[in-house]
$ cat data-v1.cif   # mmCIF, C-alpha atoms
data_start
loop_
_atom_site.label_atom_id
_atom_site.label_comp_id
_atom_site.auth_asym_id
_atom_site.auth_seq_id
_atom_site.Cartn_x
_atom_site.Cartn_y
_atom_site.Cartn_z
CA MET I 1 101.94 102.65 121.27
CA SER I 2 101.70 105.19 118.46
CA ALA I 3 99.07 107.78 117.62
CA ILE I 4 98.13 109.82 114.58
CA LEU I 5 95.59 112.54 113.90
CA LEU I 6 92.78 111.69 111.50
CA GLU I 7 90.10 114.31 110.96
CA GLU I 8 91.79 116.25 113.80
CA THR I 9 91.12 113.46 116.29
CA ILE I 10 93.45 110.88 117.83
CA VAL I 11 93.71 107.31 116.56
CA HIS I 12 95.92 104.89 118.50
CA TYR I 13 97.73 102.02 116.83
CA GLU I 14 100.78 99.77 117.05
CA VAL I 15 103.20 98.52 114.41
CA LEU I 16 105.72 95.66 114.54
CA GLY I 17 108.05 93.99 112.05
CA ARG I 18 108.91 94.58 108.43
CA GLY I 19 107.74 93.21 105.11
CA ARG I 20 104.34 93.07 103.44
CA PRO I 21 101.70 94.99 105.45
CA VAL I 22 99.01 93.23 107.47
CA ILE I 23 96.36 95.15 109.43
CA PHE I 24 94.60 93.65 112.45
CA LEU I 25 91.12 94.92 113.41
CA HIS I 26 89.72 94.19 116.88
CA GLY I 27 86.21 93.12 117.83
CA TRP I 28 83.41 94.45 120.04
CA VAL I 29 85.23 93.50 123.26
CA GLY I 30 88.72 94.91 123.86
CA SER I 31 91.07 96.90 121.65
CA TRP I 32 94.06 96.43 119.35
CA ARG I 33 96.26 95.23 122.24
CA TYR I 34 95.04 91.62 122.27
CA TRP I 35 96.50 91.22 118.78
CA ILE I 36 100.09 91.76 120.00
CA PRO I 37 101.02 88.03 120.24
CA MET I 38 99.71 87.46 116.70
CA MET I 39 101.59 90.53 115.45
CA GLN I 40 104.77 89.19 117.03
CA ALA I 41 104.17 85.79 115.41
CA ILE I 42 104.32 87.29 111.90
CA SER I 43 106.73 90.16 112.51
CA LEU I 44 109.75 88.44 110.93
CA ASN I 45 108.08 88.41 107.51
CA TYR I 46 105.36 91.04 107.67
CA ARG I 47 104.83 94.58 108.90
CA ALA I 48 101.90 94.20 111.27
CA TYR I 49 99.62 97.09 112.19
CA ALA I 50 96.72 97.14 114.65
CA LEU I 51 94.54 100.14 115.39
CA ASP I 52 91.71 101.08 117.71
CA LEU I 53 88.51 101.82 115.83
CA TRP I 54 86.43 104.89 116.72
CA GLY I 55 85.02 104.50 120.24
CA PHE I 56 87.44 101.78 121.39
CA GLY I 57 90.61 101.77 123.46
CA ASP I 58 92.38 105.14 123.43
CA THR I 59 91.07 106.27 120.04
CA ALA I 60 88.67 109.22 120.10
CA LYS I 61 85.07 108.79 121.28
CA ASN I 62 83.52 110.94 118.56
CA ARG I 63 80.22 109.15 117.77
CA ARG I 64 81.40 108.28 114.23
CA TYR I 65 80.43 104.72 114.97
CA ARG I 66 78.56 103.44 111.93
CA LEU I 67 80.26 100.68 109.95
CA ASP I 68 80.89 103.12 107.11
CA ASP I 69 82.62 105.47 109.57
CA GLN I 70 84.94 102.67 110.69
CA VAL I 71 85.63 101.76 107.04
CA ALA I 72 86.48 105.42 106.37
CA LEU I 73 88.83 105.36 109.39
CA LEU I 74 90.70 102.37 107.95
CA ALA I 75 90.95 104.03 104.52
CA ALA I 76 92.25 107.27 106.07
CA PHE I 77 94.75 105.35 108.20
CA MET I 78 96.15 103.56 105.16
CA GLU I 79 96.45 106.83 103.25
CA LYS I 80 98.15 108.56 106.19
CA ILE I 81 100.65 105.72 106.72
CA GLY I 82 101.22 105.32 102.97
CA ILE I 83 99.99 101.73 102.53
CA LEU I 84 98.56 100.80 99.14
CA ARG I 85 97.63 97.11 99.52
CA ILE I 86 97.15 94.98 102.62
CA ALA I 87 96.12 91.67 104.07
CA LEU I 88 93.34 92.14 106.64
CA ILE I 89 92.72 90.10 109.78
CA GLY I 90 89.53 91.10 111.59
CA HIS I 91 87.63 89.77 114.59
CA GLY I 92 83.89 90.26 115.18
CA LEU I 93 83.31 93.95 114.49
CA GLY I 94 86.73 94.09 112.84
CA ALA I 95 85.74 91.25 110.52
CA LEU I 96 82.61 93.18 109.51
CA VAL I 97 84.66 96.32 108.89
CA GLY I 98 87.24 94.31 106.93
CA LEU I 99 84.59 92.69 104.73
CA ARG I 100 82.91 96.03 104.09
CA PHE I 101 86.26 97.68 103.33
CA ALA I 102 87.34 94.89 100.97
CA THR I 103 84.11 95.07 98.95
CA ARG I 104 84.43 98.83 98.68
CA TYR I 105 88.19 98.93 97.96
CA PRO I 106 89.05 95.54 96.43
CA GLU I 107 92.19 96.94 94.82
CA ALA I 108 93.54 97.73 98.30
CA VAL I 109 93.05 94.27 99.84
CA ASP I 110 94.97 91.12 98.95
CA ARG I 111 93.14 88.73 101.31
CA LEU I 112 90.89 88.70 104.37
CA MET I 113 90.92 86.47 107.46
CA ALA I 114 87.58 86.96 109.22
CA VAL I 115 87.33 85.60 112.76
CA SER I 116 83.90 85.26 114.44
CA LEU I 117 82.16 87.02 111.54
CA PRO I 118 78.36 87.05 111.99
CA LEU I 119 76.63 86.16 108.73
CA GLY I 120 73.33 87.68 109.84
CA ARG I 121 71.87 89.65 112.74
CA GLU I 122 70.27 86.48 114.12
CA GLN I 123 73.74 85.01 114.65
CA VAL I 124 74.75 87.71 117.15
CA SER I 125 73.82 87.28 120.82
CA SER I 126 71.58 89.92 122.41
CA ARG I 127 74.20 90.07 125.18
CA LEU I 128 76.19 92.47 123.00
CA ARG I 129 73.32 94.96 123.35
CA THR I 130 72.39 94.38 126.97
CA THR I 131 75.73 93.76 128.71
CA SER I 132 78.49 96.30 129.20
CA PRO I 133 81.77 95.64 127.36
CA ASP I 134 83.56 95.31 130.71
CA ASP I 135 81.11 92.69 132.00
CA LEU I 136 81.26 90.86 128.67
CA ALA I 137 85.04 90.66 128.83
CA HIS I 138 85.02 89.23 132.34
CA GLY I 139 82.27 86.78 131.41
CA LEU I 140 84.06 85.54 128.29
CA LEU I 141 87.62 85.27 129.54
CA SER I 142 89.55 84.23 132.61
CA GLY I 143 92.60 86.15 133.69
CA SER I 144 95.85 85.20 131.93
CA PRO I 145 98.72 87.08 130.26
CA LEU I 146 97.02 86.67 126.86
CA THR I 147 93.56 87.81 127.98
CA GLU I 148 94.71 90.67 130.23
CA PRO I 149 94.60 93.28 127.41
CA VAL I 150 90.95 92.45 126.70
CA LEU I 151 89.99 92.64 130.38
CA THR I 152 91.87 95.91 130.84
CA ASP I 153 90.74 97.72 127.69
CA ALA I 154 87.07 96.68 127.55
CA ILE I 155 86.11 99.33 130.06
CA LYS I 156 87.42 102.03 127.68
CA THR I 157 84.78 101.17 125.07
CA ASP I 158 81.96 103.59 124.35
CA PRO I 159 78.87 101.30 124.41
CA GLN I 160 77.34 103.43 121.67
CA ALA I 161 80.10 102.23 119.32
CA VAL I 162 78.89 98.65 119.83
CA LEU I 163 75.20 99.54 119.43
CA ALA I 164 75.75 101.57 116.25
CA SER I 165 77.55 98.71 114.52
CA LEU I 166 74.81 96.26 115.52
CA ASP I 167 72.16 98.61 114.09
CA ASP I 168 74.07 98.61 110.80
CA LEU I 169 74.33 94.83 110.87
CA ARG I 170 70.53 94.60 110.83
CA GLU I 171 70.53 96.38 107.47
CA LEU I 172 73.21 94.21 105.83
CA ASN I 173 72.69 91.06 103.80
CA LEU I 174 76.08 89.54 104.42
CA VAL I 175 75.41 86.39 102.42
CA THR I 176 74.73 88.53 99.34
CA LEU I 177 77.77 90.66 100.18
CA TRP I 178 80.13 87.70 100.39
CA GLN I 179 78.76 86.17 97.15
CA ALA I 180 80.00 89.31 95.40
CA PHE I 181 83.31 89.07 97.24
CA ASP I 182 86.11 88.19 94.84
CA LEU I 183 89.13 88.00 97.16
CA PRO I 184 90.58 85.05 99.10
CA CYS I 185 88.78 84.89 102.43
CA LEU I 186 89.29 82.52 105.37
CA LEU I 187 86.51 82.32 107.98
CA VAL I 188 87.43 81.11 111.48
CA TYR I 189 85.01 80.29 114.31
CA GLY I 190 85.26 78.96 117.83
CA LEU I 191 82.55 76.32 118.18
CA ASP I 192 81.90 77.40 121.79
CA ASP I 193 81.44 81.08 120.92
CA PRO I 194 78.60 82.52 123.06
CA LEU I 195 78.44 85.83 121.15
CA VAL I 196 78.56 84.87 117.46
CA GLU I 197 76.96 81.68 116.17
CA PRO I 198 79.31 79.90 113.75
CA ALA I 199 78.30 79.63 110.10
CA SER I 200 75.77 76.88 109.41
CA ALA I 201 76.15 73.96 107.02
CA GLU I 202 73.70 75.61 104.62
CA GLN I 203 75.70 78.84 104.61
CA VAL I 204 78.93 76.92 104.07
CA SER I 205 77.41 75.08 101.10
CA ARG I 206 76.79 78.42 99.35
CA MET I 207 80.32 79.65 99.85
CA PRO I 208 82.18 80.75 96.71
CA GLU I 209 85.39 78.97 95.73
CA ASN I 210 87.60 81.77 97.06
CA MET I 211 86.30 81.21 100.61
CA HIS I 212 87.12 78.57 103.18
CA LEU I 213 85.98 77.93 106.74
CA ILE I 214 87.76 76.37 109.70
CA TYR I 215 86.28 75.65 113.14
CA PHE I 216 88.29 75.68 116.36
CA GLU I 217 86.67 72.92 118.33
CA ASP I 218 87.56 73.95 121.89
CA ALA I 219 87.53 77.74 121.46
CA GLY I 220 85.05 80.48 122.25
CA HIS I 221 84.78 84.05 120.99
CA PHE I 222 88.56 84.56 121.05
CA PRO I 223 90.08 81.56 119.21
CA MET I 224 93.31 83.50 118.80
CA LEU I 225 93.64 83.57 122.60
CA ASP I 226 92.05 80.21 123.42
CA ASP I 227 94.44 78.32 121.15
CA SER I 228 97.09 80.81 120.11
CA SER I 229 99.63 78.33 118.72
CA LYS I 230 97.09 76.73 116.38
CA PHE I 231 95.74 80.13 115.34
CA ASN I 232 99.23 81.44 114.60
CA ARG I 233 100.06 78.43 112.42
CA LEU I 234 96.86 78.83 110.47
CA MET I 235 97.35 82.58 110.12
CA ASN I 236 100.90 82.17 108.82
CA ASP I 237 99.80 79.50 106.32
CA PHE I 238 97.02 81.76 105.05
CA LEU I 239 99.30 84.79 104.70
CA ALA I 240 101.91 82.68 102.86
CA LEU I 241 99.49 81.59 100.10
CA PRO I 242 100.33 83.05 96.68
CA SER I 243 98.28 86.16 95.95
CA GLY I 244 94.86 85.28 94.54
CA GLU I 245 95.00 81.60 95.54
CA SER I 246 91.94 80.21 97.29
CA PRO I 247 92.44 79.29 100.96
CA ARG I 248 90.82 75.96 100.09
CA GLN I 249 94.30 75.09 98.83
CA LEU I 250 95.57 75.16 102.41
CA GLN I 251 96.74 71.78 103.60
CA LEU I 252 94.43 71.07 106.52
CA LYS I 253 96.48 70.06 109.51
CA GLU I 254 94.97 67.23 111.52
CA GLU I 255 94.49 69.44 114.57
CA TRP I 256 92.11 71.83 112.79
CA LYS I 257 90.07 69.40 110.71
CA ARG I 258 86.38 69.51 111.58
CA ARG I 259 83.30 68.10 109.89
CA VAL I 260 80.73 70.81 109.12
CA ARG I 261 77.78 70.35 111.43
#
$ encode --input "data-v1.cif" --output "C-alpha cells"
Amino acid sequence: MSAILLEETIVHYEVLGRGRPVIFLHGWVGSWRYWIPMMQAISLNYRAYALDLWGFGDTAKNRRYRLDDQVALLAAFMEKIGILRIALIGHGLGALVGLRFATRYPEAVDRLMAVSLPLGREQVSSRLRTTSPDDLAHGLLSGSPLTEPVLTDAIKTDPQAVLASLDDLRELNLVTLWQAFDLPCLLVYGLDDPLVEPASAEQVSRMPENMHLIYFEDAGHFPMLDDSSKFNRLMNDFLALPSGESPRQLQLKEEWKRRVR
C-alpha cells in the first residue's frame, strides 16, 4: 500500500500494472482493497490505481466529505501522480464521484464504468443512513477471500462521510446530469442489490446513445465480488473499446443478456 500527502493529509492508494491509467473508486461500504482482484485482472495492459476517499480506509478523517470534496481529492491525486487522462471505474459513492468528476473535467476522462450508481435519492436504501458501515458489510456479504477486505475495512469508515454524500445526493438531479454527459458510460447493477435500486425501464429509455446498461441477474450490491469472472470480462471489453465509441457497441455475451424490466 502506498500513501501520499494531499493538502498536508494522508491519502492511501494502491497501484498495479503498466499501460493506460485506470482509477478505481470504492463505494460506501469498504475501501480500495476490494478492487485488488479487478486491478490484477487488467494489470497486464493497464496501470490500475485505487484510492481511499476522504473518511474511508486509512485515508484521513478530515470532514471534507461532500461530493465536491471527494472530486477535488481525485483531481489532486491525478495532478500529484502526473496523470492527464483516465478511465474511471466507480462503485456506489465512487460512481457518483466519478460521474461528478467526469462532468466537471471531461477532458481528463476517457470513459466511465459506474457500478450501482443511484439515479435519484429515492433509489438509495435508508439503511445507508441508519446502519453502521460495519453492520452493513456483514449484512451484505458472507466471509470469503474476495469479501474479506470489505468486512475488514468497513469499520474504518467515518459514518459522517457516508451521511455527507447522501445529503449531497438529495440536491442532485442525476438524470439531468447524465443527459449532459458526453463520454462513453457503462452502468452495471446487481438485480438483488438491497442498497441501490437498479435503473428503471423508464430511466433506461431516456439514456443517451453513449450510455449502456447491463444487469447482473444473481448479484447484489457487489457484482464485482458476486460474479468476479463475468465482471472482469465485461470490464476488459469496456476498457478495450476504441476511445469515444459507445458501449452499446459491446457484443453482449449470452451470460450477461437481460431484458429490461
$ axis_aligned_box --input "data-v1.cif" --around "segment 190-197 of chain I" --padding-each-side "3 Å" --output "lines of an AutoDock Vina configuration file"
center_x = 81.1
center_y = 81.1
center_z = 119.6
size_x = 14.3
size_y = 15.5
size_z = 12.9
$ closest_residue --input "data-v1.cif" --among "I:Arg206, I:His221, I:Arg47, I:Arg111" --to "Leu88 of chain I" --atoms "all atoms listed in the file"
I:Arg111
$ resolve_selection --input "data-v1.cif" --expression "the PyMOL selection byres ((chain I and resi 183-189) around 9)" --output "PyMOL selection string"
chain I and resi 102-103+106+109-117+181-182+190-193+196-199+209-217+219-223+238+243-248
$ residues_near_point --input "data-v1.cif" --point "(73.1, 100.6, 110.9)" --cutoff "12 Å" --atoms "all atoms listed in the file" --output "PyMOL selection string"
chain I and resi 64-69+121+160-173
$ resolve_selection --input "data-v1.cif" --expression "the PyMOL selection byres ((chain I and resi 49) around 6)" --output "list in words"
Glu14, Val15, Ile23, Ala48 and Ala50 of chain I
$ write_last_selection --input "data-v1.cif" --atoms "C-alpha atoms" --output "PDB file, in the coordinates of the input"
ATOM      1  CA  GLU I  14     100.780  99.770 117.050  1.00  0.00           C
ATOM      2  CA  VAL I  15     103.200  98.520 114.410  1.00  0.00           C
ATOM      3  CA  ILE I  23      96.360  95.150 109.430  1.00  0.00           C
ATOM      4  CA  ALA I  48     101.900  94.200 111.270  1.00  0.00           C
ATOM      5  CA  ALA I  50      96.720  97.140 114.650  1.00  0.00           C
TER       6      ALA I  50
END
$ resolve_selection --input "data-v1.cif" --expression "the PyMOL selection byres ((chain I and resi 94) around 12)" --output "MDAnalysis selection string"
chainID I and resid 23:32 35 50:54 56 67 70:71 73:74 88:93 95:102 112:118 162 165
$ residues_near_point --input "data-v1.cif" --point "(97.7, 81.3, 124.0)" --cutoff "12 Å" --atoms "all atoms listed in the file" --output "ChimeraX atom specification"
/I:34-38,41,143-148,219,222-232
$ atom_distance --input "data-v1.cif" --atom1 "atom CA of Gly19 of chain I" --atom2 "atom CA of Val150 of chain I"
27.4 Å
$ atom_distance --input "data-v1.cif" --atom1 "atom CA of Arg33 of chain I" --atom2 "atom CA of Arg18 of chain I"
18.7 Å
$ build_atoms --input "data-v1.cif" --residues "segment 15-26 of chain I" --atoms "all heavy atoms" --output "PDB file, in the frame of the given file"
ATOM      1  N   VAL I  15     102.589  99.116 115.599  1.00  0.00           N
ATOM      2  CA  VAL I  15     103.200  98.520 114.410  1.00  0.00           C
ATOM      3  C   VAL I  15     104.421  97.735 114.839  1.00  0.00           C
ATOM      4  O   VAL I  15     105.197  98.177 115.685  1.00  0.00           O
ATOM      5  CB  VAL I  15     103.547  99.607 113.364  1.00  0.00           C
ATOM      6  CG1 VAL I  15     104.468 100.663 113.946  1.00  0.00           C
ATOM      7  CG2 VAL I  15     104.157  98.982 112.119  1.00  0.00           C
ATOM      8  N   LEU I  16     104.581  96.536 114.247  1.00  0.00           N
ATOM      9  CA  LEU I  16     105.720  95.660 114.540  1.00  0.00           C
ATOM     10  C   LEU I  16     106.201  95.031 113.236  1.00  0.00           C
ATOM     11  O   LEU I  16     105.403  94.735 112.340  1.00  0.00           O
ATOM     12  CB  LEU I  16     105.308  94.530 115.497  1.00  0.00           C
ATOM     13  CG  LEU I  16     104.908  94.877 116.928  1.00  0.00           C
ATOM     14  CD1 LEU I  16     104.404  93.619 117.625  1.00  0.00           C
ATOM     15  CD2 LEU I  16     106.062  95.477 117.687  1.00  0.00           C
ATOM     16  N   GLY I  17     107.498  94.792 113.140  1.00  0.00           N
ATOM     17  CA  GLY I  17     108.050  93.990 112.050  1.00  0.00           C
ATOM     18  C   GLY I  17     108.297  94.763 110.772  1.00  0.00           C
ATOM     19  O   GLY I  17     108.161  95.977 110.697  1.00  0.00           O
ATOM     20  N   ARG I  18     108.645  93.989 109.741  1.00  0.00           N
ATOM     21  CA  ARG I  18     108.910  94.580 108.430  1.00  0.00           C
ATOM     22  C   ARG I  18     108.536  93.564 107.363  1.00  0.00           C
ATOM     23  O   ARG I  18     108.564  92.357 107.576  1.00  0.00           O
ATOM     24  CB  ARG I  18     110.377  94.981 108.303  1.00  0.00           C
ATOM     25  CG  ARG I  18     111.363  93.852 108.526  1.00  0.00           C
ATOM     26  CD  ARG I  18     112.770  94.389 108.658  1.00  0.00           C
ATOM     27  NE  ARG I  18     113.155  95.210 107.505  1.00  0.00           N
ATOM     28  CZ  ARG I  18     114.253  95.950 107.458  1.00  0.00           C
ATOM     29  NH1 ARG I  18     115.053  95.994 108.504  1.00  0.00           N
ATOM     30  NH2 ARG I  18     114.536  96.650 106.383  1.00  0.00           N
ATOM     31  N   GLY I  19     108.171  94.070 106.203  1.00  0.00           N
ATOM     32  CA  GLY I  19     107.740  93.210 105.110  1.00  0.00           C
ATOM     33  C   GLY I  19     106.395  93.660 104.583  1.00  0.00           C
ATOM     34  O   GLY I  19     106.011  94.832 104.714  1.00  0.00           O
ATOM     35  N   ARG I  20     105.657  92.746 103.981  1.00  0.00           N
ATOM     36  CA  ARG I  20     104.340  93.070 103.440  1.00  0.00           C
ATOM     37  C   ARG I  20     103.389  93.469 104.568  1.00  0.00           C
ATOM     38  O   ARG I  20     103.391  92.848 105.629  1.00  0.00           O
ATOM     39  CB  ARG I  20     103.768  91.892 102.657  1.00  0.00           C
ATOM     40  CG  ARG I  20     104.481  91.638 101.331  1.00  0.00           C
ATOM     41  CD  ARG I  20     103.780  90.548 100.544  1.00  0.00           C
ATOM     42  NE  ARG I  20     103.947  89.251 101.181  1.00  0.00           N
ATOM     43  CZ  ARG I  20     103.026  88.292 101.191  1.00  0.00           C
ATOM     44  NH1 ARG I  20     101.844  88.507 100.646  1.00  0.00           N
ATOM     45  NH2 ARG I  20     103.271  87.136 101.767  1.00  0.00           N
ATOM     46  N   PRO I  21     102.545  94.494 104.350  1.00  0.00           N
ATOM     47  CA  PRO I  21     101.700  94.990 105.450  1.00  0.00           C
ATOM     48  C   PRO I  21     100.476  94.120 105.709  1.00  0.00           C
ATOM     49  O   PRO I  21      99.819  93.640 104.784  1.00  0.00           O
ATOM     50  CB  PRO I  21     101.276  96.382 104.959  1.00  0.00           C
ATOM     51  CG  PRO I  21     101.341  96.301 103.469  1.00  0.00           C
ATOM     52  CD  PRO I  21     102.460  95.351 103.148  1.00  0.00           C
ATOM     53  N   VAL I  22     100.199  93.930 106.994  1.00  0.00           N
ATOM     54  CA  VAL I  22      99.010  93.230 107.470  1.00  0.00           C
ATOM     55  C   VAL I  22      98.367  94.123 108.530  1.00  0.00           C
ATOM     56  O   VAL I  22      99.063  94.614 109.428  1.00  0.00           O
ATOM     57  CB  VAL I  22      99.367  91.867 108.104  1.00  0.00           C
ATOM     58  CG1 VAL I  22      98.117  91.161 108.617  1.00  0.00           C
ATOM     59  CG2 VAL I  22     100.109  90.987 107.100  1.00  0.00           C
ATOM     60  N   ILE I  23      97.067  94.338 108.433  1.00  0.00           N
ATOM     61  CA  ILE I  23      96.360  95.150 109.430  1.00  0.00           C
ATOM     62  C   ILE I  23      95.403  94.268 110.213  1.00  0.00           C
ATOM     63  O   ILE I  23      94.613  93.521 109.631  1.00  0.00           O
ATOM     64  CB  ILE I  23      95.608  96.324 108.767  1.00  0.00           C
ATOM     65  CG1 ILE I  23      96.604  97.315 108.174  1.00  0.00           C
ATOM     66  CG2 ILE I  23      94.711  97.030 109.782  1.00  0.00           C
ATOM     67  CD1 ILE I  23      95.982  98.553 107.550  1.00  0.00           C
ATOM     68  N   PHE I  24      95.476  94.372 111.537  1.00  0.00           N
ATOM     69  CA  PHE I  24      94.600  93.650 112.450  1.00  0.00           C
ATOM     70  C   PHE I  24      93.514  94.600 112.967  1.00  0.00           C
ATOM     71  O   PHE I  24      93.816  95.714 113.408  1.00  0.00           O
ATOM     72  CB  PHE I  24      95.395  93.124 113.652  1.00  0.00           C
ATOM     73  CG  PHE I  24      96.364  92.017 113.328  1.00  0.00           C
ATOM     74  CD1 PHE I  24      97.608  92.298 112.774  1.00  0.00           C
ATOM     75  CD2 PHE I  24      96.042  90.692 113.583  1.00  0.00           C
ATOM     76  CE1 PHE I  24      98.513  91.278 112.488  1.00  0.00           C
ATOM     77  CE2 PHE I  24      96.939  89.663 113.296  1.00  0.00           C
ATOM     78  CZ  PHE I  24      98.169  89.959 112.747  1.00  0.00           C
ATOM     79  N   LEU I  25      92.264  94.135 112.934  1.00  0.00           N
ATOM     80  CA  LEU I  25      91.120  94.920 113.410  1.00  0.00           C
ATOM     81  C   LEU I  25      90.436  94.170 114.544  1.00  0.00           C
ATOM     82  O   LEU I  25      90.043  93.016 114.383  1.00  0.00           O
ATOM     83  CB  LEU I  25      90.134  95.168 112.268  1.00  0.00           C
ATOM     84  CG  LEU I  25      90.679  95.930 111.052  1.00  0.00           C
ATOM     85  CD1 LEU I  25      89.628  95.973 109.944  1.00  0.00           C
ATOM     86  CD2 LEU I  25      91.093  97.346 111.440  1.00  0.00           C
ATOM     87  N   HIS I  26      90.276  94.823 115.674  1.00  0.00           N
ATOM     88  CA  HIS I  26      89.720  94.190 116.880  1.00  0.00           C
ATOM     89  C   HIS I  26      88.199  94.068 116.801  1.00  0.00           C
ATOM     90  O   HIS I  26      87.547  94.628 115.918  1.00  0.00           O
ATOM     91  CB  HIS I  26      90.119  94.989 118.114  1.00  0.00           C
ATOM     92  CG  HIS I  26      89.550  96.382 118.111  1.00  0.00           C
ATOM     93  ND1 HIS I  26      88.248  96.671 118.440  1.00  0.00           N
ATOM     94  CD2 HIS I  26      90.118  97.574 117.784  1.00  0.00           C
ATOM     95  CE1 HIS I  26      88.030  97.960 118.345  1.00  0.00           C
ATOM     96  NE2 HIS I  26      89.154  98.540 117.935  1.00  0.00           N
TER      97      HIS I  26
END
